[in-house]
Amino acid sequence: MGTIQVPVLGWIAFGVLVLGLLGVDLLVHRKKHGESRRSAIAWSLGWIALGLSFSVFVWKAYGTTAAHEYLGAWLIEKSLSLDNLFVFLVIFRSLSIPEDEQRRVLFWGIFGALVFRALFILVGVEALEHWHAVVYVFGAILLITAIRVAIEDPTRQRESSLVRWLSRRLPVSPVAEGPHFFARFQGRRVATPMLVALISIELTDIAFAVDSVPAALAVSKEPFIVYTSNVFAILGLRALYIALAHVISELRYLHYGLAAVLAFAGLKMVVPDTWVHIPPLVSVAIILACIGVAVAASLRYRARQRRRKKPQDPAAGAPGSRELTA
């Protein structure tokens, strides 16, 4: 369906680039390097800058429209990846995974996500090319998901139902075994909480891909644009989680912004372009507005709650109890 023709060597070069970036991510975070929140924020900004920089390559190679489509798809994926962070937090809390070990699970989770996204995008593009009615199916999925995301408040989740389900069906060691995914317990080989966390994250990402891939396809039908935007949105997810793990649960209204993004993508799918044409750059602005308003409202609510909880200064005395001075 796409008009952008990427040679096989181009795909191979991009694959080598991604593997190299994954290697950098693995080496930087091994042996407790780059663990501080400040370092994670710096790395998150670096991954974001890298994702934005790739739009310059797309612009030079394929033109302005392709670059705008890439930015729109990347921004959608980056925004929706914030929803993943809520789930990661709940999974790790449910299994009591130490912070030092969470990075290993996230690395392999991200690696698996890159593979599954490629399969979903390939299937999605082929389906759109051969059956136009699939557009309305994808649009309906996005609209239904938008309603679900708006209703459910992820900040109130304290335990993962998926973790409970897997723990009942897998032989799991009751004792954590450090960074290992398998262990020996009572003479047999069993899974560790680390493996349960990894499987939970992979299954969760497959479920999220059902929403996020159609959302990206609402902006662009080009496989190269959709996949590269997915890759660069996912690559920095580990650093982003480390940077935001302490505050992500306090973004009270973020899920409304994500719901708005999904609803926008769903409407863009089902409403014919001949009725309402929304240029890619306008899509970027709408997505930024949805997430920006939700984050700003969340931060304002958070600041207001902190002011309410702040103890009154004893030196100020009770209201109306000022001493009279001559």
# chains A, B, ... in the order shown; residues from 1 in each chain; ligands from 1
>>> residues_around(residues="Leu114 in chain A", least_positions_apart="3", cutoff="12 Å", atoms="only C-alpha atoms", output="count of residues only")
29
>>> select_by_dssp(residues="range 50-294 of chain A", states="strand (DSSP E or B)", output="list in words")
Val172, Phe182, Ala183, Arg184, Phe185, Arg188, Arg189, Val190 and Ala191 of chain A
>>> write_last_selection(atoms="all heavy atoms", output="compact mmCIF listing (two decimals), in the first residue's frame")
# COMPACT_ATOMS: atom_id res chain seq x y z
N VAL A 172 6.12 -21.56 40.08
CA VAL A 172 6.94 -20.39 40.37
C VAL A 172 7.65 -20.57 41.70
O VAL A 172 7.04 -21.01 42.69
CB VAL A 172 6.08 -19.10 40.42
CG1 VAL A 172 6.96 -17.88 40.68
CG2 VAL A 172 5.32 -18.93 39.12
N PHE A 182 14.93 -18.74 35.69
CA PHE A 182 14.59 -20.09 36.15
C PHE A 182 15.42 -20.43 37.38
O PHE A 182 16.49 -19.85 37.60
CB PHE A 182 14.84 -21.12 35.04
CG PHE A 182 13.96 -20.96 33.84
CD1 PHE A 182 14.39 -20.25 32.74
CD2 PHE A 182 12.68 -21.53 33.83
CE1 PHE A 182 13.58 -20.11 31.62
CE2 PHE A 182 11.86 -21.39 32.71
CZ PHE A 182 12.31 -20.67 31.62
N ALA A 183 14.91 -21.37 38.17
CA ALA A 183 15.63 -21.78 39.38
C ALA A 183 15.27 -23.23 39.68
O ALA A 183 14.32 -23.80 39.12
CB ALA A 183 15.26 -20.87 40.55
N ARG A 184 16.06 -23.85 40.58
CA ARG A 184 15.77 -25.20 41.05
C ARG A 184 15.08 -25.10 42.40
O ARG A 184 15.56 -24.44 43.33
CB ARG A 184 17.06 -26.00 41.21
CG ARG A 184 17.91 -26.12 39.96
CD ARG A 184 17.27 -26.96 38.88
NE ARG A 184 17.04 -28.34 39.30
CZ ARG A 184 16.54 -29.27 38.49
NH1 ARG A 184 16.23 -28.96 37.23
NH2 ARG A 184 16.36 -30.48 38.93
N PHE A 185 13.89 -25.72 42.52
CA PHE A 185 13.15 -25.68 43.77
C PHE A 185 12.56 -27.06 44.03
O PHE A 185 11.81 -27.59 43.20
CB PHE A 185 12.04 -24.63 43.71
CG PHE A 185 11.23 -24.52 44.97
CD1 PHE A 185 11.78 -23.91 46.10
CD2 PHE A 185 9.95 -25.03 45.04
CE1 PHE A 185 11.04 -23.81 47.28
CE2 PHE A 185 9.21 -24.94 46.21
CZ PHE A 185 9.76 -24.33 47.32
N ARG A 188 13.12 -29.65 41.18
CA ARG A 188 12.60 -29.43 39.82
C ARG A 188 12.86 -28.01 39.37
O ARG A 188 13.06 -27.10 40.19
CB ARG A 188 11.11 -29.75 39.74
CG ARG A 188 10.23 -28.87 40.61
CD ARG A 188 8.77 -29.15 40.34
NE ARG A 188 7.91 -28.30 41.14
CZ ARG A 188 6.64 -28.06 40.85
NH1 ARG A 188 6.10 -28.61 39.79
NH2 ARG A 188 5.91 -27.29 41.63
N ARG A 189 12.86 -27.84 38.05
CA ARG A 189 13.12 -26.54 37.45
C ARG A 189 11.82 -25.74 37.42
O ARG A 189 10.82 -26.19 36.87
CB ARG A 189 13.66 -26.72 36.03
CG ARG A 189 14.21 -25.46 35.39
CD ARG A 189 14.82 -25.82 34.03
NE ARG A 189 15.32 -24.67 33.32
CZ ARG A 189 16.50 -24.11 33.52
NH1 ARG A 189 17.32 -24.60 34.43
NH2 ARG A 189 16.89 -23.06 32.80
N VAL A 190 11.85 -24.55 38.00
CA VAL A 190 10.65 -23.72 38.09
C VAL A 190 10.97 -22.31 37.61
O VAL A 190 12.13 -21.90 37.50
CB VAL A 190 10.10 -23.67 39.53
CG1 VAL A 190 9.66 -25.04 40.00
CG2 VAL A 190 11.13 -23.09 40.49
N ALA A 191 9.91 -21.56 37.34
CA ALA A 191 10.06 -20.16 36.94
C ALA A 191 10.28 -19.30 38.18
O ALA A 191 9.91 -19.68 39.30
CB ALA A 191 8.81 -19.70 36.20
>>> select_by_dssp(residues="range 211-290 of chain A", states="helix (DSSP H, G or I)", output="number ranges by chain")
A: 211-217, 223-235, 237-244, 248-250, 254-270, 280-290
>>> residues_around(residues="Leu170 in chain A", least_positions_apart="2", cutoff="10 Å", atoms="only C-alpha atoms", output="PyMOL selection string")
chain A and resi 165-168+172-173+190-192+195-196
>>> write_last_selection(atoms="C-alpha atoms", output="compact mmCIF listing (two decimals), in the first residue's frame")
# COMPACT_ATOMS: atom_id res chain seq x y z
CA TRP A 165 -3.38 -15.64 36.51
CA LEU A 166 0.17 -16.62 35.47
CA SER A 167 1.25 -17.33 39.05
CA ARG A 168 -1.58 -19.84 39.43
CA VAL A 172 6.94 -20.39 40.37
CA SER A 173 9.70 -20.31 42.95
CA VAL A 190 10.65 -23.72 38.09
CA ALA A 191 10.06 -20.16 36.94
CA THR A 192 11.08 -17.19 39.05
CA LEU A 195 10.07 -14.78 34.29
CA VAL A 196 6.48 -14.10 35.35
>>> closest_residue(among="A:Leu89, A:Ile225, A:Leu106, A:Ile97", to="Ser55 in chain A", atoms="only C-alpha atoms")
A:Ile225
>>> atom_distance(atom1="CA of Pro279 in chain A", atom2="CA of Ala263 in chain A")
16.9 Å
>>> residues_around(residues="Asp211 in chain A", least_positions_apart="2", cutoff="8 Å", atoms="only C-alpha atoms", output="VMD selection string")
chain A and resid 141 to 142 145 207 to 209 213 to 215 262
>>> closest_residue(among="A:Leu203, A:Ala245, A:Ala113, A:Ala140", to="Val90 in chain A", atoms="only C-alpha atoms")
A:Ala245
